[in-house]
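A.B. asks: Before I ask anything, let me first share the structure, which is written out below as structure tokens.
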Amino acid sequence: MAITPPEKDGTRLLYGCMALGGSWDTDTYGPADIDAAEVAIAAALDSGIDTFDHADIYRRGKAEAVFGEVLARTPGLRERIVLQTKCGIRLADGDLPGMYDLRGPSIVRRVEESLGRLRTDVVDVLLLHRPDPLAAPEDIAAALTSLHDQGLVRRFGVSNMNAAQIAALQRHLEFPLVVNQLEMSLDRRDWLEDGVLVNTAAAAGNGFPAGTLEYCLENGVRLQAWGALAQGRFTGRQESPQEHATASLVRALADAKGTTPETVLLWWLQRHPARVAPVVGSGRPERIRACRDAALREPDLTHEEWYELWIAARGAPLP
């Protein structure tokens with residue numbers, strides 16, 4: 001299959017590659033898995049998406065490996081895309097439990113392994129996947145600085161971290177952390193509601209770390225949203241009357257604006273002043289293409305429509 005990628009926009013929408021590479025077991029991938037990855041990548045590129053989000057653990061490394069196979073068979077593609085990956089989670093292996101590992105030598109080793117699987121000389125953005133409570137910020141920073149100085153990684157960010165953790169690491173770095181990837185969607189709204197539930201009883205049930213959104217806004221840390229389509233909760237997998245009502249509103253807005261329900265959900269995130277960049281993680285080409293307008297059009301939601309969606313998903317009026 002010939003792939004002709006578009007010019008990069010780099011930030012509005014990302015394709016999450018966790019679905020690529022076949023199974024999560026230790027079986028090797030095969031030609032069918034490479035072909036499926038190529039189809040998904042082509043669908044993303046056709047939809048105006050040129051930023052691809054990986055992690056070293058996705059499908060136990062097979063997601064990166066099949067992506068590397070597609071890069072190898074598509075000359076010129078690597079130069080036309082933004083390649084992002086993550087490290088810091090170790091999956092359970094035999095008697096060893098799953099754990100987090102951001103020790104400096106481990107970071108460097110994991111990046112080198114990702115580069116080999118991806119068949120590239122450089123990662124455009126490296127994210128630290130989850131905090132490791134045993135890792136010292138200065139040790140992490142030394143590893144990131146080494147990767148940067150060697151030209152193996154261009155930019156760095158974090159995932160699933162709060163403001164204090166980002167600031168503690170940033171103090172030891174001479175270059176900025178540019179991304180924080182968090183779970184954010186119309187269903188997962190704690191990041192948003194943390195800022196509006198102050199002085200209400202509902203605030204006690206919100207576990208989002210206070211000040212993280214504001215820290216990222218003030219320090220130029222771009223928010224990326226994983227789980228942005230809410231696992232299909234408002235586009236085909238409704239499980240409660242509240243979800244059915246929200247899905248109906250999403251469909252009505254999509255019809256009125258000549259787009260898809262998936263795009264409306266992504267627009268809801270993109271409409272926020274933080275300029276959230278959603279990550280689309282489906283392996284189905286038709287679902288990837290359903291997100292095209294979120295990559296190519298400005299969010300077409302009025303102030304009132306944005307609030308209608310929020311209140312419908314809450315299932316209750318604002319406090």
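Scheme for the structure tokens: letters A, B, ... for chains in order shown; per-chain residue numbers from 1; ligand numbers from 1 in order shown.
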With a distance cut-off of 8 Å and only C-alpha atoms, select the neighbouring residues of Asn180 of chain A, excluding the residue or stretch itself and same-chain residues fewer than 6 positions from it, and output the selection as a ChimeraX atom specification.

C.D. replies: /A:127,157-161,216,221-224

A.B. asks: Please produce an output containing N, CA, C and O atoms for each residue in the selection, written as a CSV table (one decimal), in the first residue's frame.

C.D. replies:
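The resulting file, part.csv, is shown below:
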chain,number,residue,atom,x,y,z
A,127,LEU,N,8.3,10.6,26.5
A,127,LEU,CA,7.6,10.9,27.7
A,127,LEU,C,7.9,9.9,28.8
A,127,LEU,O,8.2,8.7,28.5
A,157,GLY,N,8.9,15.0,27.8
A,157,GLY,CA,7.7,15.4,28.5
A,157,GLY,C,7.4,14.3,29.5
A,157,GLY,O,8.3,13.4,29.8
A,158,VAL,N,6.2,14.3,30.1
A,158,VAL,CA,5.9,13.3,31.1
A,158,VAL,C,4.5,12.8,30.8
A,158,VAL,O,3.8,13.4,29.9
A,159,SER,N,4.0,11.9,31.6
A,159,SER,CA,2.7,11.3,31.5
A,159,SER,C,2.2,11.0,32.9
A,159,SER,O,3.0,10.4,33.7
A,160,ASN,N,0.9,11.3,33.2
A,160,ASN,CA,0.3,10.9,34.4
A,160,ASN,C,1.1,11.5,35.6
A,160,ASN,O,1.2,10.9,36.7
A,161,MET,N,1.6,12.8,35.5
A,161,MET,CA,2.3,13.4,36.6
A,161,MET,C,1.6,14.7,37.0
A,161,MET,O,0.9,15.3,36.2
A,216,CYS,N,0.6,23.6,34.0
A,216,CYS,CA,0.9,23.3,32.6
A,216,CYS,C,0.6,24.5,31.7
A,216,CYS,O,1.4,24.8,30.8
A,221,VAL,N,3.5,23.7,29.1
A,221,VAL,CA,3.5,22.2,29.0
A,221,VAL,C,2.2,21.8,28.3
A,221,VAL,O,1.1,22.0,28.8
A,222,ARG,N,2.3,21.3,27.1
A,222,ARG,CA,1.1,20.9,26.3
A,222,ARG,C,0.4,19.7,26.9
A,222,ARG,O,1.1,18.7,27.2
A,223,LEU,N,-0.9,19.8,27.1
A,223,LEU,CA,-1.7,18.7,27.6
A,223,LEU,C,-2.1,17.8,26.4
A,223,LEU,O,-2.7,18.2,25.5
A,224,GLN,N,-1.8,16.5,26.6
A,224,GLN,CA,-2.3,15.5,25.6
A,224,GLN,C,-3.2,14.6,26.4
A,224,GLN,O,-3.0,14.3,27.5

A.B. asks: Find the spatial neighbours of Cys291 of chain A, counting only C-alpha atoms, within a cut-off of 10 Å - ignore same-chain residues fewer than 2 positions away - and output them as a list in words.

C.D. replies: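 The residues that qualify are Leu13, Ala44, Ser47, Gly48, Ile49, Leu229, Thr259, Thr260, Pro261, Glu262, Thr263, Val264, Leu265, Leu266, Trp267, Val280, Glu286, Arg287, Ile288, Arg289, Asp293, Ala294, Ala295 and Leu296 of chain A.
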
A.B. asks: Nearest to Phe52 of chain A among A:Ile107, A:Ala167, A:Val279, A:Ser114, with distances taken over only C-alpha atoms: which residue is it?

C.D. replies: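 The shortest atom-to-atom distance to Phe52 of chain A comes from A:Val279.
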
A.B. asks: In Å, rounded to a single decimal, give me how far atom CA of Gly315 of chain A is from atom CA of Gln242 of chain A.

C.D. replies: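 Value for the atom CA of Gln242 of chain A-atom CA of Gly315 of chain A distance: 6.0 Å.
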
A.B. asks: Could you give me, as an MDAnalysis selection string, the residues within 12 Å of Glu243 of chain A, counting only C-alpha atoms and dropping anything in the same chain fewer than 3 positions from it?

C.D. replies: chainID A and resid 186:187 230 232:240 246:250 309:315

A.B. asks: Tell me which of A:Gly220, A:Pro319, A:Pro278, A:Pro273 sits closest to Leu177 of chain A, counting only C-alpha atoms.

C.D. replies: A:Gly220
